[in-house]
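Student: Structure in structure tokens, see below.
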Amino acid sequence: MNLHRLIYTSVRKAECDDQEISNILASAEKNNVHADITGILLHSKDRFLQYIEGEPQKIKSLYDKIKDDSRHAGAMMRDFSPIDERLFPSWEMGHVDMNERLAFDTKIGFKEKAAFDAWFEDTSLTDSKLGIIKRFAKSQKSSNS
Ligand SMILES: Cc1cc2nc3c(=O)[nH]c(=O)nc-3n(C[C@H](O)[C@H](O)[C@H](O)COP(=O)(O)O)c2cc1C
């Protein structure tokens with residue numbers, strides 16, 4: 001199977017409150033499984049970083065739908081490239097509230113928050129930027145087993 005990943009960043013709108021995040025995750029759970037799409041949504045008070053993986057046409061058409069969603073703005077595709085295997089084999093669209101981690105998990109929280117913030121500082125694609133996604137993939141795997 002031809003697997004790709006797509007990563008984008010965007011600006012979370014103020015009116016996109018926690019209830020809206022739940023609505024987004026509910027849509028993702030409902031739709032992504034049918035399209036064989038997995039991934040993770042990282043969000044802070046005012047930013048989104050989403051990683052999705054699956055067949056290239058399917059993730060691209062999902063992105064085309066998401067980018068016009070009024071709950072965020074300025075969606076920018078940061079990567080769209082082939083991968084050998086999925087990072088997120090579980091069907092559920094994972095999500096991480098970066099603010100919450102910072103408040104309750106200070107030991108690794110600051111490091112992760114810095115890696116998250118780096119995505120919004122420039123458009124380069126580096127191993128350390130990808131590292132934050134892989135880290136959450138690992139924690140999802142271990143919490144499932
Ligand atoms: C940041 C963000 C991420 C989203 N991620 C997904 C997603 O992974 N899958 C999905 O189906 N919809 C996602 N959506 C929602 C879509 O834009 C759209 O509202 C939804 O797919 C509509 O489907 P529904 O009418 O079946 O609920 C996302 C929206 C935002 C703002």
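Convention: chains lettered A, B, ... in structure tokens order; per-chain residue numbering from 1; ligands numbered from 1 as shown.
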Identify, with DSSP run on backbone atoms, the residues in chain A assigned to strand (DSSP E or B), and express the list as a PyMOL selection string.

Tutor: chain A and resi 4-12+38-43+47-54+72-82+94-97

Student: Please extract the residues at most 6 Å from ligand 1, counting only C-alpha atoms and all ligand atoms, and provide them as a list in words, using the chain letters and residue numbers of this document.

Tutor: Ile24, Ser27, Ala28, Asn31, Asn32, Phe48, Lys65, Ile66, Asp69, Arg71 and His72 of chain A

Student: Take CA of Arg135 (chain A) and CA of Ala115 (chain A) and report the distance between them in Å, one decimal.

Tutor: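 A separation of 10.8 Å between them.
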
Student: Within 12 Å of region 124-132 of chain A, counting only C-alpha atoms, which residues qualify if same-chain residues fewer than 2 places away don't, as a ChimeraX atom specification?

Tutor: /A:5-8,40-42,49-51,77-81,87,96,98,108-122,134-139

Student: Now that the selection is made, can you save its residues with N, CA and C atoms as a tab-separated table (two decimals), in the first residue's frame?

Tutor:
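Output below, filename again.tsv:
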chain	number	residue	atom	x	y	z
A	5	ARG	N	2.50	10.58	4.62
A	5	ARG	CA	2.12	11.38	5.78
A	5	ARG	C	1.89	12.81	5.31
A	6	LEU	N	1.02	13.50	6.01
A	6	LEU	CA	0.78	14.91	5.73
A	6	LEU	C	0.78	15.63	7.07
A	7	ILE	N	1.55	16.70	7.14
A	7	ILE	CA	1.63	17.48	8.39
A	7	ILE	C	1.28	18.92	8.05
A	8	TYR	N	0.41	19.52	8.86
A	8	TYR	CA	0.13	20.94	8.67
A	8	TYR	C	0.08	21.65	10.01
A	40	ILE	N	-2.47	12.18	14.64
A	40	ILE	CA	-2.56	12.84	15.94
A	40	ILE	C	-2.75	14.35	15.73
A	41	LEU	N	-3.52	14.93	16.61
A	41	LEU	CA	-3.77	16.38	16.60
A	41	LEU	C	-3.18	16.98	17.88
A	42	LEU	N	-2.20	17.84	17.72
A	42	LEU	CA	-1.64	18.55	18.87
A	42	LEU	C	-2.21	19.95	18.87
A	49	LEU	N	-1.25	21.55	15.32
A	49	LEU	CA	-0.29	20.79	14.52
A	49	LEU	C	-0.93	19.42	14.34
A	50	GLN	N	-1.24	19.07	13.10
A	50	GLN	CA	-1.85	17.76	12.88
A	50	GLN	C	-1.00	16.93	11.94
A	51	TYR	N	-0.86	15.68	12.31
A	51	TYR	CA	-0.13	14.68	11.52
A	51	TYR	C	-1.15	13.64	11.10
A	77	MET	N	0.53	23.55	4.79
A	77	MET	CA	1.04	22.19	4.68
A	77	MET	C	2.56	22.22	4.87
A	78	ARG	N	3.05	21.41	5.79
A	78	ARG	CA	4.47	21.45	6.12
A	78	ARG	C	5.22	20.25	5.57
A	79	ASP	N	4.48	19.18	5.30
A	79	ASP	CA	5.13	18.00	4.74
A	79	ASP	C	4.07	17.11	4.11
A	80	PHE	N	4.42	16.51	2.99
A	80	PHE	CA	3.55	15.53	2.34
A	80	PHE	C	4.51	14.58	1.64
A	81	SER	N	4.77	13.43	2.27
A	81	SER	CA	5.80	12.56	1.72
A	81	SER	C	5.54	11.09	2.06
A	87	LEU	N	3.00	5.44	11.94
A	87	LEU	CA	3.42	5.71	13.32
A	87	LEU	C	2.28	5.42	14.28
A	96	VAL	N	-3.31	15.69	21.82
A	96	VAL	CA	-2.57	16.11	22.99
A	96	VAL	C	-2.80	17.60	23.19
A	98	MET	N	-1.33	20.63	24.54
A	98	MET	CA	0.01	21.04	24.94
A	98	MET	C	-0.02	21.89	26.21
A	108	ILE	N	8.71	16.53	31.53
A	108	ILE	CA	8.98	16.48	30.10
A	108	ILE	C	8.16	17.52	29.34
A	109	GLY	N	7.24	18.14	30.02
A	109	GLY	CA	6.34	19.08	29.36
A	109	GLY	C	7.04	20.24	28.68
A	110	PHE	N	8.05	20.82	29.33
A	110	PHE	CA	8.70	21.99	28.75
A	110	PHE	C	9.47	21.64	27.49
A	111	LYS	N	10.09	20.47	27.51
A	111	LYS	CA	10.84	20.02	26.34
A	111	LYS	C	9.90	19.82	25.15
A	112	GLU	N	8.78	19.20	25.44
A	112	GLU	CA	7.80	18.95	24.38
A	112	GLU	C	7.17	20.24	23.89
A	113	LYS	N	6.91	21.14	24.83
A	113	LYS	CA	6.31	22.42	24.43
A	113	LYS	C	7.29	23.19	23.54
A	114	ALA	N	8.58	23.12	23.86
A	114	ALA	CA	9.58	23.80	23.03
A	114	ALA	C	9.62	23.20	21.63
A	115	ALA	N	9.52	21.87	21.56
A	115	ALA	CA	9.53	21.20	20.25
A	115	ALA	C	8.27	21.56	19.46
A	116	PHE	N	7.17	21.68	20.16
A	116	PHE	CA	5.91	22.09	19.51
A	116	PHE	C	6.04	23.53	18.99
A	117	ASP	N	6.53	24.43	19.84
A	117	ASP	CA	6.68	25.84	19.46
A	117	ASP	C	7.61	26.01	18.25
A	118	ALA	N	8.62	25.13	18.16
A	118	ALA	CA	9.59	25.23	17.06
A	118	ALA	C	8.91	25.13	15.69
A	119	TRP	N	7.80	24.40	15.64
A	119	TRP	CA	7.07	24.27	14.37
A	119	TRP	C	6.57	25.62	13.86
A	120	PHE	N	6.36	26.57	14.80
A	120	PHE	CA	5.76	27.84	14.41
A	120	PHE	C	6.81	28.93	14.26
A	121	GLU	N	8.07	28.57	14.49
A	121	GLU	CA	9.14	29.57	14.39
A	121	GLU	C	9.69	29.69	12.98
A	122	ASP	N	9.79	28.58	12.28
A	122	ASP	CA	10.22	28.62	10.88
A	122	ASP	C	9.68	27.40	10.16
A	134	LYS	N	6.78	11.60	16.87
A	134	LYS	CA	7.19	10.22	17.14
A	134	LYS	C	7.07	9.88	18.62
A	135	ARG	N	7.38	10.87	19.45
A	135	ARG	CA	7.30	10.65	20.88
A	135	ARG	C	5.88	10.32	21.31
A	136	PHE	N	4.92	11.05	20.75
A	136	PHE	CA	3.54	10.76	21.11
A	136	PHE	C	3.07	9.45	20.48
A	137	ALA	N	3.63	9.09	19.35
A	137	ALA	CA	3.30	7.81	18.74
A	137	ALA	C	3.74	6.69	19.67
A	138	LYS	N	4.92	6.85	20.24
A	138	LYS	CA	5.43	5.83	21.17
A	138	LYS	C	4.55	5.73	22.39
A	139	SER	N	4.16	6.88	22.95
A	139	SER	CA	3.37	6.80	24.17
A	139	SER	C	1.98	6.22	23.88

Student: Give me, please, the distance in Å between CA of Thr9 (chain A) and CA of Asp46 (chain A), quoted to one decimal.

Tutor: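 Taking CA of Thr9 (chain A) and CA of Asp46 (chain A), their separation equals 10.9 Å.
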
Student: Calculate how many Å separate CA of His34 (chain A) from CA of Gly54 (chain A), rounding to one decimal.

Tutor: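 Taking CA of His34 (chain A) and CA of Gly54 (chain A), their separation equals 11.1 Å.
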
Student: Could you pull the residues within 12 Å of Gln57 (chain A), counting only C-alpha atoms, minus those fewer than 2 positions along the same chain, as a ChimeraX atom specification?

Tutor: /A:2-6,35-37,53-55,59-64,80-82

Student: Could you give me, as a PyMOL selection string, each residue of chain A that DSSP assigns to alpha helix (DSSP H) when run on this structure's backbone?

Tutor: chain A and resi 18-32+56-66+98-104+106-118+127-144
